[in-house]
Amino acid sequence: MKAREALTMTIAAPAVLSRQKNFSANPVLGSESFNARGLHRWRVDRAHAMSRRRREGLAANVDAAEREAFERDGYVVRENALPQPLFEAFTAELKEQRRKAWEMVQGDTATRLMPLPVSDGSAGAKVRAYLRSPSFRNLTGYVAGRSGGYNPVLQTVAVQPDPSRPDPQVTLHADTFHPTAKFWLFLHDVGIEDGPFAFVPGSHRLTPQRLAWEHEQALKATGVGNEHHAAGSFRMTEEELEALGYDRPIQPLPVKANTFLVADTYGFHRRTPALKPNARVAIHGMLRRNPFLPWNGADPSEIPGVDGRLIWLLFASRDAKARMGKPDKYRSVGLKLAGDPSIG
Ligand SMILES: O=C(O)CCC(=O)C(=O)O
Ligand SMILES: [Fe+2]
């Protein structure tokens, strides 16, 4: 190995024990020879073993029926999640208030994010706090395999259907190589035609066949010509599921308004394609931390004063990049209503 190459690899090496998943962005994670010797397989196996241990530490604080549902399916559905008066106050606020919004366009779909206020007494701030209260926090931490802070934001999935430009999120996939949580609190009924979240029940479990499959995928991660695959979010087909030991079909999850759904998106999932112009509005959050560290909680993003403001900083830096001619995948679209189905 030449000196320069050795230096590059040394700088890239700490990623092995982090949550980084991108094969093409890191020469160690993407190294064919390391992966042939089992680097990716080791990371998957280790991260899942650590998550199992941390979940044991969190189990006592999670409702037994929800824990059972999670172990069986890989997701939990909680209906009537917000107290009715708060739900009504918040949805009324949303109908009138235009908010600062950023959109990421993928195919015929835009994912629009609108951060919620932290402490201005609005229904939005109250909802944000409610979704971080112990019963949501404990459940989300358990599903993620590691508890910690998260920042619920308004998320609209705006679709203007065009079969020639498919949304990559409608392809079955796993988000990353280790347990991780995403949640949605849906603010209106989501029928099948509105493009509900869909999950392969049981596919959050690391079967021996899945581990072998992970190893094979890592060997060809950067070679299959799919940028999402190369970025460490492996794509999957329905036909292959059974060979990995997953014997239940993809389950679309239509929901009633005010339903909280949290899933371990290591399990295979997708967004069902919407069949008409549509705006699917939810409060969305994710919890994804370093899977190799043994402890729960103790999350620096939760330091008071930092908490809740990081996202505004993140979007400000994206705007600054855009002004310098280097647009990020999320673009400012000014003030918008959450329920607006238009893109841009
Ligand atoms: O919006 C959805 O229903 C799922 C999209 C997805 O795959 C994700 O957010 O990881
Ligand atoms: Fe996903």
# chains A, B, ... in the order shown; residues from 1 in each chain; ligands from 1
$ residues_around --residues "A:Gly191" --least-positions-apart "4" --cutoff "8 Å" --atoms "only C-alpha atoms" --output "PyMOL selection string"
chain A and resi 195-196+254-255
$ residues_around --residues "stretch 218-227 of chain A" --least-positions-apart "6" --cutoff "12 Å" --atoms "only C-alpha atoms" --output "JSON, numbers by chain"
{"A": [21, 22, 23, 24, 25, 26, 27, 28, 29, 30, 31, 32, 33, 34, 35, 36, 37, 38, 39, 40, 41, 42, 43, 44, 168, 171, 176, 177, 211, 212, 233, 234, 235, 236]}
$ closest_atom_pairs --of "chain A" --to "ligand 1" --cutoff "10 Å" --atoms "only C-alpha atoms and all ligand atoms" --output "CSV"
residue,atom,partner,partner_atom_place_in_ligand_line,distance
A:Thr111,CA,ligand 1,1 (O),8.4
A:Gln155,CA,ligand 1,1 (O),9.2
A:Thr156,CA,ligand 1,1 (O),9.1
A:Val157,CA,ligand 1,1 (O),7.0
A:Asp167,CA,ligand 1,5 (C),9.7
A:Pro168,CA,ligand 1,7 (O),8.5
A:Gln169,CA,ligand 1,7 (O),4.9
A:Val170,CA,ligand 1,7 (O),7.3
A:Thr171,CA,ligand 1,7 (O),8.2
A:Leu172,CA,ligand 1,7 (O),7.9
A:His173,CA,ligand 1,7 (O),7.1
A:Ala174,CA,ligand 1,10 (O),7.8
A:Asp175,CA,ligand 1,10 (O),5.9
A:Thr176,CA,ligand 1,10 (O),9.5
A:Ala181,CA,ligand 1,10 (O),9.4
A:Lys182,CA,ligand 1,9 (O),7.1
A:Phe183,CA,ligand 1,9 (O),8.8
A:Trp184,CA,ligand 1,1 (O),8.6
A:Gly195,CA,ligand 1,3 (O),7.0
A:Pro196,CA,ligand 1,3 (O),5.6
A:Phe197,CA,ligand 1,3 (O),3.5
A:Ala198,CA,ligand 1,3 (O),6.5
A:Phe199,CA,ligand 1,3 (O),9.0
A:Ser233,CA,ligand 1,10 (O),9.4
A:Pro252,CA,ligand 1,3 (O),9.3
A:Leu253,CA,ligand 1,3 (O),9.1
A:Ala263,CA,ligand 1,10 (O),9.6
A:Asp264,CA,ligand 1,10 (O),9.8
A:Thr265,CA,ligand 1,10 (O),6.6
A:Tyr266,CA,ligand 1,10 (O),9.5
A:Phe268,CA,ligand 1,7 (O),8.8
A:His269,CA,ligand 1,7 (O),6.1
A:Arg270,CA,ligand 1,7 (O),4.8
A:Arg271,CA,ligand 1,3 (O),3.8
A:Thr272,CA,ligand 1,3 (O),6.7
A:Pro273,CA,ligand 1,3 (O),9.0
A:Arg280,CA,ligand 1,1 (O),8.7
A:Ala282,CA,ligand 1,1 (O),9.6
A:His284,CA,ligand 1,9 (O),9.0
A:Gly285,CA,ligand 1,9 (O),9.4
A:Met286,CA,ligand 1,9 (O),8.9
$ write_last_selection --atoms "C-alpha atoms" --output "short mmCIF file (atom, residue, chain, number, x, y, z; two decimals), in the first residue's frame"
data_model
loop_
_atom_site.label_atom_id
_atom_site.label_comp_id
_atom_site.auth_asym_id
_atom_site.auth_seq_id
_atom_site.Cartn_x
_atom_site.Cartn_y
_atom_site.Cartn_z
CA THR A 111 -40.73 15.30 0.78
CA GLN A 155 -43.50 16.16 6.98
CA THR A 156 -45.62 16.35 3.86
CA VAL A 157 -45.18 13.78 1.12
CA ASP A 167 -40.20 7.84 -6.44
CA PRO A 168 -37.23 5.72 -5.22
CA GLN A 169 -38.97 5.27 -1.84
CA VAL A 170 -41.60 3.02 -3.46
CA THR A 171 -38.94 0.35 -3.98
CA LEU A 172 -38.66 -2.08 -1.10
CA HIS A 173 -35.52 -1.33 0.94
CA ALA A 174 -33.80 -1.23 4.32
CA ASP A 175 -32.60 2.21 5.44
CA THR A 176 -29.29 1.08 6.90
CA ALA A 181 -36.47 4.03 14.20
CA LYS A 182 -38.70 6.22 12.05
CA PHE A 183 -42.10 7.39 13.17
CA TRP A 184 -45.09 9.18 11.73
CA GLY A 195 -49.67 6.12 -0.42
CA PRO A 196 -49.41 4.63 3.09
CA PHE A 197 -46.19 3.32 4.64
CA ALA A 198 -45.74 -0.42 4.01
CA PHE A 199 -43.58 -2.92 5.93
CA SER A 233 -29.60 1.46 1.80
CA PRO A 252 -49.44 -1.64 3.49
CA LEU A 253 -50.50 0.18 6.66
CA ALA A 263 -40.99 1.11 12.71
CA ASP A 264 -37.48 -0.32 12.79
CA THR A 265 -36.49 0.61 9.25
CA TYR A 266 -33.75 -2.02 9.21
CA PHE A 268 -37.79 -3.94 4.65
CA HIS A 269 -40.29 -1.23 3.90
CA ARG A 270 -41.46 1.12 1.21
CA ARG A 271 -43.87 3.92 0.48
CA THR A 272 -46.94 2.68 -1.38
CA PRO A 273 -47.31 4.72 -4.59
CA ARG A 280 -49.74 12.97 3.00
CA ALA A 282 -47.62 13.70 9.33
CA HIS A 284 -42.24 12.66 11.44
CA GLY A 285 -39.12 11.84 13.36
CA MET A 286 -36.22 9.47 13.35
#
$ closest_residue --among "A:Asp194, A:Gly267, A:Pro277, A:Asp120" --to "ligand 2" --atoms "only C-alpha atoms and all ligand atoms"
A:Gly267
$ select_by_dssp --residues "stretch 173-340 of chain A" --states "helix (DSSP H, G or I)" --output "VMD selection string"
chain A and resid 192 to 194 208 to 220 227 to 230 238 to 240 242 to 244 300 to 302 310 to 323
$ residues_around --residues "A:Asp162" --least-positions-apart "2" --cutoff "12 Å" --atoms "only C-alpha atoms" --output "PyMOL selection string"
chain A and resi 106-109+159-160+164-167+273-277
$ write_last_selection --atoms "N, CA and C atoms" --output "tab-separated table (two decimals), in the first residue's frame"
chain	number	residue	atom	x	y	z
A	106	GLN	N	-37.77	13.71	-5.27
A	106	GLN	CA	-37.26	12.43	-5.75
A	106	GLN	C	-38.31	11.88	-6.71
A	107	GLY	N	-37.98	11.80	-7.99
A	107	GLY	CA	-38.97	11.35	-8.98
A	107	GLY	C	-40.18	12.27	-8.96
A	108	ASP	N	-41.39	11.67	-8.91
A	108	ASP	CA	-42.62	12.47	-8.96
A	108	ASP	C	-43.08	12.93	-7.58
A	109	THR	N	-42.21	12.83	-6.59
A	109	THR	CA	-42.60	13.06	-5.20
A	109	THR	C	-41.68	14.07	-4.52
A	159	VAL	N	-47.25	14.28	-3.82
A	159	VAL	CA	-47.08	13.45	-5.01
A	159	VAL	C	-47.88	14.01	-6.17
A	160	GLN	N	-47.23	14.15	-7.31
A	160	GLN	CA	-47.91	14.47	-8.57
A	160	GLN	C	-47.61	13.29	-9.48
A	164	SER	N	-43.40	7.84	-15.36
A	164	SER	CA	-42.08	7.88	-16.00
A	164	SER	C	-41.00	8.37	-15.03
A	165	ARG	N	-41.44	8.92	-13.87
A	165	ARG	CA	-40.44	9.39	-12.90
A	165	ARG	C	-40.75	8.81	-11.52
A	166	PRO	N	-40.50	7.51	-11.31
A	166	PRO	CA	-40.91	6.89	-10.05
A	166	PRO	C	-40.14	7.43	-8.85
A	167	ASP	N	-40.80	7.46	-7.72
A	167	ASP	CA	-40.20	7.84	-6.44
A	167	ASP	C	-39.36	6.66	-5.94
A	273	PRO	N	-47.12	3.59	-3.67
A	273	PRO	CA	-47.31	4.72	-4.59
A	273	PRO	C	-48.72	5.33	-4.46
A	274	ALA	N	-48.80	6.64	-4.41
A	274	ALA	CA	-50.11	7.31	-4.39
A	274	ALA	C	-50.63	7.32	-5.82
A	275	LEU	N	-51.96	7.18	-5.95
A	275	LEU	CA	-52.53	7.03	-7.28
A	275	LEU	C	-53.10	8.33	-7.84
A	276	LYS	N	-53.06	9.38	-7.03
A	276	LYS	CA	-53.64	10.66	-7.47
A	276	LYS	C	-52.77	11.77	-6.86
A	277	PRO	N	-52.89	13.00	-7.37
A	277	PRO	CA	-52.14	14.08	-6.72
A	277	PRO	C	-52.50	14.11	-5.24
$ closest_residue --among "A:Val105, A:Asp247, A:Tyr130, A:Thr259" --to "A:Gly344" --atoms "only C-alpha atoms"
A:Val105
$ closest_residue --among "A:His229, A:Arg205, A:Gly145, A:Trp295" --to "ligand 2" --atoms "only C-alpha atoms and all ligand atoms"
A:His229
$ select_by_dssp --residues "stretch 81-324 of chain A" --states "strand (DSSP E)" --output "JSON, numbers by chain"
{"A": [99, 100, 101, 102, 103, 104, 105, 106, 109, 110, 111, 112, 113, 114, 115, 153, 154, 155, 156, 157, 158, 159, 181, 182, 183, 184, 185, 186, 197, 198, 199, 251, 252, 259, 260, 261, 262, 263, 264, 269, 270, 271, 278, 279, 280, 281, 282, 283, 284, 285, 286, 287]}
$ residues_around --residues "A:Pro327" --least-positions-apart "4" --cutoff "12 Å" --atoms "only C-alpha atoms" --output "PyMOL selection string"
chain A and resi 102-104+315+317-323+331-332
$ residues_around --residues "A:Asn151" --least-positions-apart "3" --cutoff "10 Å" --atoms "only C-alpha atoms" --output "short mmCIF file (atom, residue, chain, number, x, y, z; two decimals) with N, CA and C atoms, in the first residue's frame"
data_model
loop_
_atom_site.label_atom_id
_atom_site.label_comp_id
_atom_site.auth_asym_id
_atom_site.auth_seq_id
_atom_site.Cartn_x
_atom_site.Cartn_y
_atom_site.Cartn_z
N PRO A 115 -39.89 22.47 10.26
CA PRO A 115 -39.61 22.30 11.69
C PRO A 115 -40.74 22.86 12.55
N LEU A 116 -40.94 22.29 13.71
CA LEU A 116 -41.97 22.78 14.63
C LEU A 116 -41.34 23.75 15.63
N VAL A 118 -40.30 25.40 19.16
CA VAL A 118 -39.87 24.70 20.36
C VAL A 118 -40.67 25.12 21.59
N ARG A 128 -45.08 18.82 19.68
CA ARG A 128 -43.67 18.41 19.66
C ARG A 128 -43.26 17.87 21.02
N ALA A 129 -43.63 18.61 22.07
CA ALA A 129 -43.28 18.17 23.43
C ALA A 129 -43.98 16.85 23.77
N LEU A 131 -44.84 14.43 21.85
CA LEU A 131 -44.22 13.28 21.16
C LEU A 131 -42.83 12.95 21.72
N ARG A 132 -42.35 13.80 22.62
CA ARG A 132 -41.07 13.52 23.28
C ARG A 132 -41.28 13.12 24.74
N ILE A 283 -46.52 14.18 11.40
CA ILE A 283 -45.34 14.62 12.14
C ILE A 283 -44.40 13.45 12.13
N HIS A 284 -43.19 13.73 11.72
CA HIS A 284 -42.24 12.66 11.44
C HIS A 284 -40.99 12.85 12.29
N GLY A 285 -40.40 11.75 12.66
CA GLY A 285 -39.12 11.84 13.36
C GLY A 285 -38.32 10.57 13.15
N MET A 286 -37.04 10.67 13.42
CA MET A 286 -36.22 9.47 13.35
C MET A 286 -35.22 9.46 14.49
N LEU A 287 -34.83 8.26 14.86
CA LEU A 287 -33.82 8.09 15.91
C LEU A 287 -32.81 7.08 15.40
N SER A 301 -27.27 15.69 21.61
CA SER A 301 -28.24 16.54 20.89
C SER A 301 -29.36 16.99 21.83
N GLU A 302 -29.41 16.41 23.03
CA GLU A 302 -30.48 16.78 23.96
C GLU A 302 -30.05 17.85 24.97
N ASP A 307 -30.92 21.41 21.79
CA ASP A 307 -32.10 20.67 21.45
C ASP A 307 -33.13 21.54 20.73
N GLY A 308 -33.62 21.10 19.58
CA GLY A 308 -34.68 21.83 18.87
C GLY A 308 -34.13 22.92 17.96
N ARG A 309 -32.90 23.36 18.22
CA ARG A 309 -32.36 24.44 17.39
C ARG A 309 -31.44 23.90 16.30
N LEU A 310 -30.96 22.67 16.51
CA LEU A 310 -30.04 22.08 15.53
C LEU A 310 -30.66 22.05 14.13
N ILE A 311 -31.93 21.72 14.08
CA ILE A 311 -32.55 21.57 12.75
C ILE A 311 -32.61 22.90 12.00
#
$ atom_distance --atom1 "atom CA of A:Val16" --atom2 "atom CA of A:Lys326"
28.7 Å
$ residues_around --residues "stretch 70-76 of chain A" --least-positions-apart "6" --cutoff "6 Å" --atoms "only C-alpha atoms" --output "count of residues only"
7
$ closest_residue --among "A:Glu68, A:His228, A:Lys95, A:Arg54" --to "ligand 2" --atoms "only C-alpha atoms and all ligand atoms"
A:His228
$ residues_around --residues "A:Glu79" --least-positions-apart "3" --cutoff "8 Å" --atoms "only C-alpha atoms" --output "VMD selection string"
chain A and resid 256 258 to 260
$ write_last_selection --atoms "C-alpha atoms" --output "compact mmCIF listing (two decimals), in the first residue's frame"
# COMPACT_ATOMS: atom_id res chain seq x y z
CA LYS A 256 -56.90 6.68 10.75
CA ASN A 258 -54.14 10.70 14.85
CA THR A 259 -52.36 7.34 14.55
CA PHE A 260 -48.71 7.05 15.62
$ atom_distance --atom1 "atom CA of A:Gln217" --atom2 "atom CA of A:Met9"
21.6 Å
$ atom_distance --atom1 "atom CA of A:Lys329" --atom2 "atom CA of A:Pro341"
19.0 Å
